[in-house]
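Below you'll find the structure, written out as structure tokens, and then a few comments.
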Amino acid sequence: MMLTLVKPAFDDLWFREKLMADEETMSYNARWGGTIPFPVDAWESWYESWVRNPGADRYYRYLMNPENEYVGEIAYHYDKLRDIYICDVIVLAQYRNRGYGTDALQQLCTAAKNNGIPVLQFDIEYQNEEVVMVKRDL
């Protein structure tokens with residue numbers, strides 16, 4: 001594995017703010033507005049539910065490369081409406097095409113399996129604008 005998973009400290013949420021605000025990184029989300037605001041006044045409630053006390057329904061980690069730089073994030077959460085666990089892997093655009101996404105997805109699947117989650121799914125938008133569900137049995 002080339003990446004280290006890091007449970008972020010509250011003071012490190014600056015990286016998530018940067019990640020969500022990067023236009024190139026968030027270009028996959030263009031149909032829904034692109035970048036996602038993550039203002040400082042939202043950090044406490046977000047951190048409480050995603051990092052400090054996520055329960056069994058959420059998991060969140062930063063991705064750190066061998067040079068000790070944050071390069072992205074991984075997460076999963078339970079979607080009650082669809083009764084599925086949805087995963088997210090985001091790699092900062094400047095760090096793409098280095099195998100980080102593959103490594104991150106493998107580590108996320110391992111974490112989910114270790115936490116008793118048998119299947120992860122994630123939404124992917126294709127160029128034809130239809131949303132495709134990808135299912136991965138763990």
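Chain labels A, B, ... are given in the sequence in which chains occur in the structure tokens; within each chain residues are numbered consecutively from 1, and ligands are likewise numbered from 1 in the order shown.
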List the neighbours of stretch 19-29 of chain A out to 12 Å using only C-alpha atoms; skip same-chain residues closer than 2 positions along the sequence, and give me the result as a ChimeraX atom specification. /A:12-17,31-39,62-63,70-74,89-96,123-127,129,131
May I have the selected residues written with N, CA, C and O atoms, as a compact mmCIF listing (two decimals), in the first residue's frame?
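Output below, filename again_22.txt:
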```txt
# COMPACT_ATOMS: atom_id res chain seq x y z
N ASP A 12 -7.26 19.78 11.17
CA ASP A 12 -6.85 19.41 9.82
C ASP A 12 -8.01 19.46 8.81
O ASP A 12 -7.83 19.08 7.65
N LEU A 13 -9.16 19.95 9.24
CA LEU A 13 -10.28 20.05 8.32
C LEU A 13 -10.05 21.10 7.23
O LEU A 13 -10.78 21.14 6.24
N TRP A 14 -9.00 21.89 7.36
CA TRP A 14 -8.63 22.82 6.29
C TRP A 14 -8.42 22.05 4.98
O TRP A 14 -8.71 22.57 3.90
N PHE A 15 -7.92 20.79 5.10
CA PHE A 15 -7.68 20.03 3.88
C PHE A 15 -9.00 19.65 3.20
O PHE A 15 -9.11 19.74 1.98
N ARG A 16 -9.98 19.25 3.97
CA ARG A 16 -11.28 18.91 3.36
C ARG A 16 -11.89 20.15 2.71
O ARG A 16 -12.46 20.07 1.62
N GLU A 17 -11.75 21.29 3.36
CA GLU A 17 -12.24 22.54 2.77
C GLU A 17 -11.55 22.79 1.43
O GLU A 17 -12.20 23.13 0.43
N ARG A 31 -22.38 18.60 -12.68
CA ARG A 31 -23.83 18.55 -12.90
C ARG A 31 -24.60 19.01 -11.67
O ARG A 31 -25.72 19.50 -11.77
N TRP A 32 -24.02 18.84 -10.50
CA TRP A 32 -24.67 19.21 -9.24
C TRP A 32 -24.04 20.45 -8.61
O TRP A 32 -24.19 20.68 -7.42
N GLY A 33 -23.33 21.23 -9.38
CA GLY A 33 -22.79 22.49 -8.87
C GLY A 33 -21.29 22.53 -8.69
O GLY A 33 -20.75 23.55 -8.29
N GLY A 34 -20.59 21.44 -8.96
CA GLY A 34 -19.13 21.45 -8.89
C GLY A 34 -18.62 21.43 -7.47
O GLY A 34 -18.82 20.47 -6.73
N THR A 35 -17.97 22.51 -7.09
CA THR A 35 -17.37 22.57 -5.75
C THR A 35 -18.46 22.57 -4.69
O THR A 35 -19.62 22.93 -4.94
N ILE A 36 -18.06 22.17 -3.48
CA ILE A 36 -19.00 22.08 -2.36
C ILE A 36 -18.46 22.94 -1.22
O ILE A 36 -17.35 22.70 -0.72
N PRO A 37 -19.22 23.95 -0.81
CA PRO A 37 -18.76 24.79 0.30
C PRO A 37 -18.62 23.97 1.58
O PRO A 37 -19.46 23.11 1.87
N PHE A 38 -17.55 24.22 2.30
CA PHE A 38 -17.32 23.58 3.59
C PHE A 38 -16.78 24.65 4.54
O PHE A 38 -15.61 24.64 4.92
N PRO A 39 -17.65 25.60 4.91
CA PRO A 39 -17.21 26.73 5.73
C PRO A 39 -16.85 26.32 7.16
O PRO A 39 -17.38 25.33 7.68
N TYR A 62 -8.61 10.55 5.84
CA TYR A 62 -7.79 11.23 4.84
C TYR A 62 -6.82 10.21 4.26
O TYR A 62 -6.48 9.21 4.90
N LEU A 63 -6.33 10.52 3.08
CA LEU A 63 -5.30 9.73 2.41
C LEU A 63 -4.00 10.51 2.47
O LEU A 63 -3.94 11.67 2.06
N TYR A 70 -1.40 15.22 2.46
CA TYR A 70 -2.77 14.77 2.27
C TYR A 70 -3.08 14.84 0.78
O TYR A 70 -2.83 15.86 0.14
N VAL A 71 -3.62 13.76 0.23
CA VAL A 71 -3.89 13.71 -1.21
C VAL A 71 -5.36 13.44 -1.52
O VAL A 71 -5.76 13.50 -2.67
N GLY A 72 -6.15 13.13 -0.53
CA GLY A 72 -7.56 12.86 -0.77
C GLY A 72 -8.26 12.35 0.46
O GLY A 72 -7.76 12.47 1.58
N GLU A 73 -9.46 11.78 0.21
CA GLU A 73 -10.26 11.26 1.30
C GLU A 73 -11.03 10.03 0.84
O GLU A 73 -11.27 9.85 -0.36
N ILE A 74 -11.38 9.18 1.80
CA ILE A 74 -12.27 8.06 1.55
C ILE A 74 -13.35 8.09 2.62
O ILE A 74 -13.13 8.58 3.74
N VAL A 89 -14.54 8.05 -2.85
CA VAL A 89 -13.09 8.15 -2.95
C VAL A 89 -12.83 9.42 -3.75
O VAL A 89 -13.28 9.54 -4.89
N ILE A 90 -12.12 10.36 -3.14
CA ILE A 90 -11.77 11.59 -3.85
C ILE A 90 -10.27 11.80 -3.71
O ILE A 90 -9.74 11.82 -2.60
N VAL A 91 -9.60 11.95 -4.84
CA VAL A 91 -8.16 12.24 -4.87
C VAL A 91 -8.01 13.64 -5.46
O VAL A 91 -8.57 13.93 -6.52
N LEU A 92 -7.27 14.50 -4.78
CA LEU A 92 -7.00 15.85 -5.25
C LEU A 92 -6.42 15.77 -6.66
O LEU A 92 -5.54 14.96 -6.92
N ALA A 93 -6.94 16.57 -7.57
CA ALA A 93 -6.60 16.48 -9.00
C ALA A 93 -5.09 16.43 -9.25
O ALA A 93 -4.62 15.66 -10.09
N GLN A 94 -4.32 17.21 -8.52
CA GLN A 94 -2.88 17.26 -8.77
C GLN A 94 -2.17 15.95 -8.42
O GLN A 94 -1.03 15.74 -8.81
N TYR A 95 -2.86 15.04 -7.72
CA TYR A 95 -2.25 13.76 -7.33
C TYR A 95 -2.85 12.57 -8.08
O TYR A 95 -2.55 11.42 -7.76
N ARG A 96 -3.67 12.82 -9.06
CA ARG A 96 -4.29 11.73 -9.81
C ARG A 96 -3.30 11.06 -10.75
O ARG A 96 -2.24 11.59 -11.04
N ASP A 123 -22.11 5.88 -6.52
CA ASP A 123 -22.74 6.48 -7.69
C ASP A 123 -21.66 7.04 -8.59
O ASP A 123 -20.77 7.74 -8.13
N ILE A 124 -21.76 6.73 -9.89
CA ILE A 124 -20.82 7.27 -10.86
C ILE A 124 -21.63 7.87 -11.99
O ILE A 124 -22.53 7.23 -12.52
N GLU A 125 -21.31 9.09 -12.35
CA GLU A 125 -22.00 9.70 -13.48
C GLU A 125 -21.20 9.44 -14.74
O GLU A 125 -20.01 9.71 -14.81
N TYR A 126 -21.85 8.91 -15.73
CA TYR A 126 -21.22 8.66 -17.01
C TYR A 126 -21.40 9.88 -17.92
O TYR A 126 -22.23 10.74 -17.66
N GLN A 127 -20.66 9.95 -18.99
CA GLN A 127 -20.74 11.07 -19.92
C GLN A 127 -22.14 11.23 -20.50
O GLN A 127 -22.54 12.31 -20.86
N GLU A 129 -24.79 11.17 -18.96
CA GLU A 129 -25.56 11.78 -17.89
C GLU A 129 -26.50 10.83 -17.15
O GLU A 129 -27.32 11.26 -16.36
N VAL A 131 -26.97 7.99 -14.27
CA VAL A 131 -26.26 7.61 -13.06
C VAL A 131 -26.23 6.09 -13.00
O VAL A 131 -27.24 5.42 -13.15
```
Can you pull out every residue from chain A that DSSP, working from the backbone, puts in strand (DSSP E), and format the result as a VMD selection string? chain A and resid 4 to 6 58 to 64 70 to 79 84 to 91 119 to 125 131 to 137
Residues just named, written with C-alpha atoms as a CSV table (one decimal), in the first residue's frame:
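The new file out_18.csv reads:
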```
chain,number,residue,atom,x,y,z
A,4,THR,CA,-1.7,5.8,4.8
A,5,LEU,CA,-5.2,6.3,6.2
A,6,VAL,CA,-5.4,9.1,8.7
A,58,ARG,CA,-20.2,6.1,8.8
A,59,TYR,CA,-16.4,5.9,8.1
A,60,TYR,CA,-14.1,8.7,7.1
A,61,ARG,CA,-10.3,9.0,6.6
A,62,TYR,CA,-7.8,11.2,4.8
A,63,LEU,CA,-5.3,9.7,2.4
A,64,MET,CA,-1.6,10.5,3.0
A,70,TYR,CA,-2.8,14.8,2.3
A,71,VAL,CA,-3.9,13.7,-1.2
A,72,GLY,CA,-7.6,12.9,-0.8
A,73,GLU,CA,-10.3,11.3,1.3
A,74,ILE,CA,-12.3,8.1,1.6
A,75,ALA,CA,-15.6,7.5,3.2
A,76,TYR,CA,-18.7,5.4,3.4
A,77,HIS,CA,-22.1,5.9,4.9
A,78,TYR,CA,-25.4,4.1,5.2
A,79,ASP,CA,-28.2,5.4,3.0
A,84,ILE,CA,-27.1,0.4,1.0
A,85,TYR,CA,-23.7,1.6,2.0
A,86,ILE,CA,-22.4,4.2,-0.4
A,87,CYS,CA,-18.6,4.9,-0.7
A,88,ASP,CA,-16.7,7.9,-1.8
A,89,VAL,CA,-13.1,8.1,-3.0
A,90,ILE,CA,-11.8,11.6,-3.9
A,91,VAL,CA,-8.2,12.2,-4.9
A,119,VAL,CA,-21.2,-4.6,0.2
A,120,LEU,CA,-20.2,-1.1,-0.8
A,121,GLN,CA,-21.8,0.8,-3.7
A,122,PHE,CA,-21.1,4.2,-5.2
A,123,ASP,CA,-22.7,6.5,-7.7
A,124,ILE,CA,-20.8,7.3,-10.9
A,125,GLU,CA,-22.0,9.7,-13.5
A,131,VAL,CA,-26.3,7.6,-13.1
A,132,VAL,CA,-24.8,4.1,-12.8
A,133,MET,CA,-24.6,2.1,-9.6
A,134,VAL,CA,-21.5,0.1,-9.1
A,135,LYS,CA,-21.6,-2.6,-6.5
A,136,ARG,CA,-18.6,-4.3,-5.0
A,137,ASP,CA,-19.0,-7.4,-2.8
```
Please identify the alpha helix (DSSP H) residues within chain A (assignment by DSSP from backbone atoms) and present them as a ChimeraX atom specification. /A:13-21,40-47,100-114
For A:Val40, which of A:Glu69, A:Asp83, A:Asp11, A:Asp103 is the closest residue, counting only C-alpha atoms? A:Asp11
Go through A:Phe10, A:Pro66, A:Gly55, A:Ala112 and flag the residue nearest A:Trp43, using only C-alpha atoms for the distances.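 Once distances to A:Trp43 are computed over only C-alpha atoms, the minimum belongs to A:Phe10.
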Atom CA of A:Pro54 and atom CA of A:Gly116, how far apart in Å?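 Atom-to-atom, atom CA of A:Gly116 and atom CA of A:Pro54 are spaced 14.8 Å apart.
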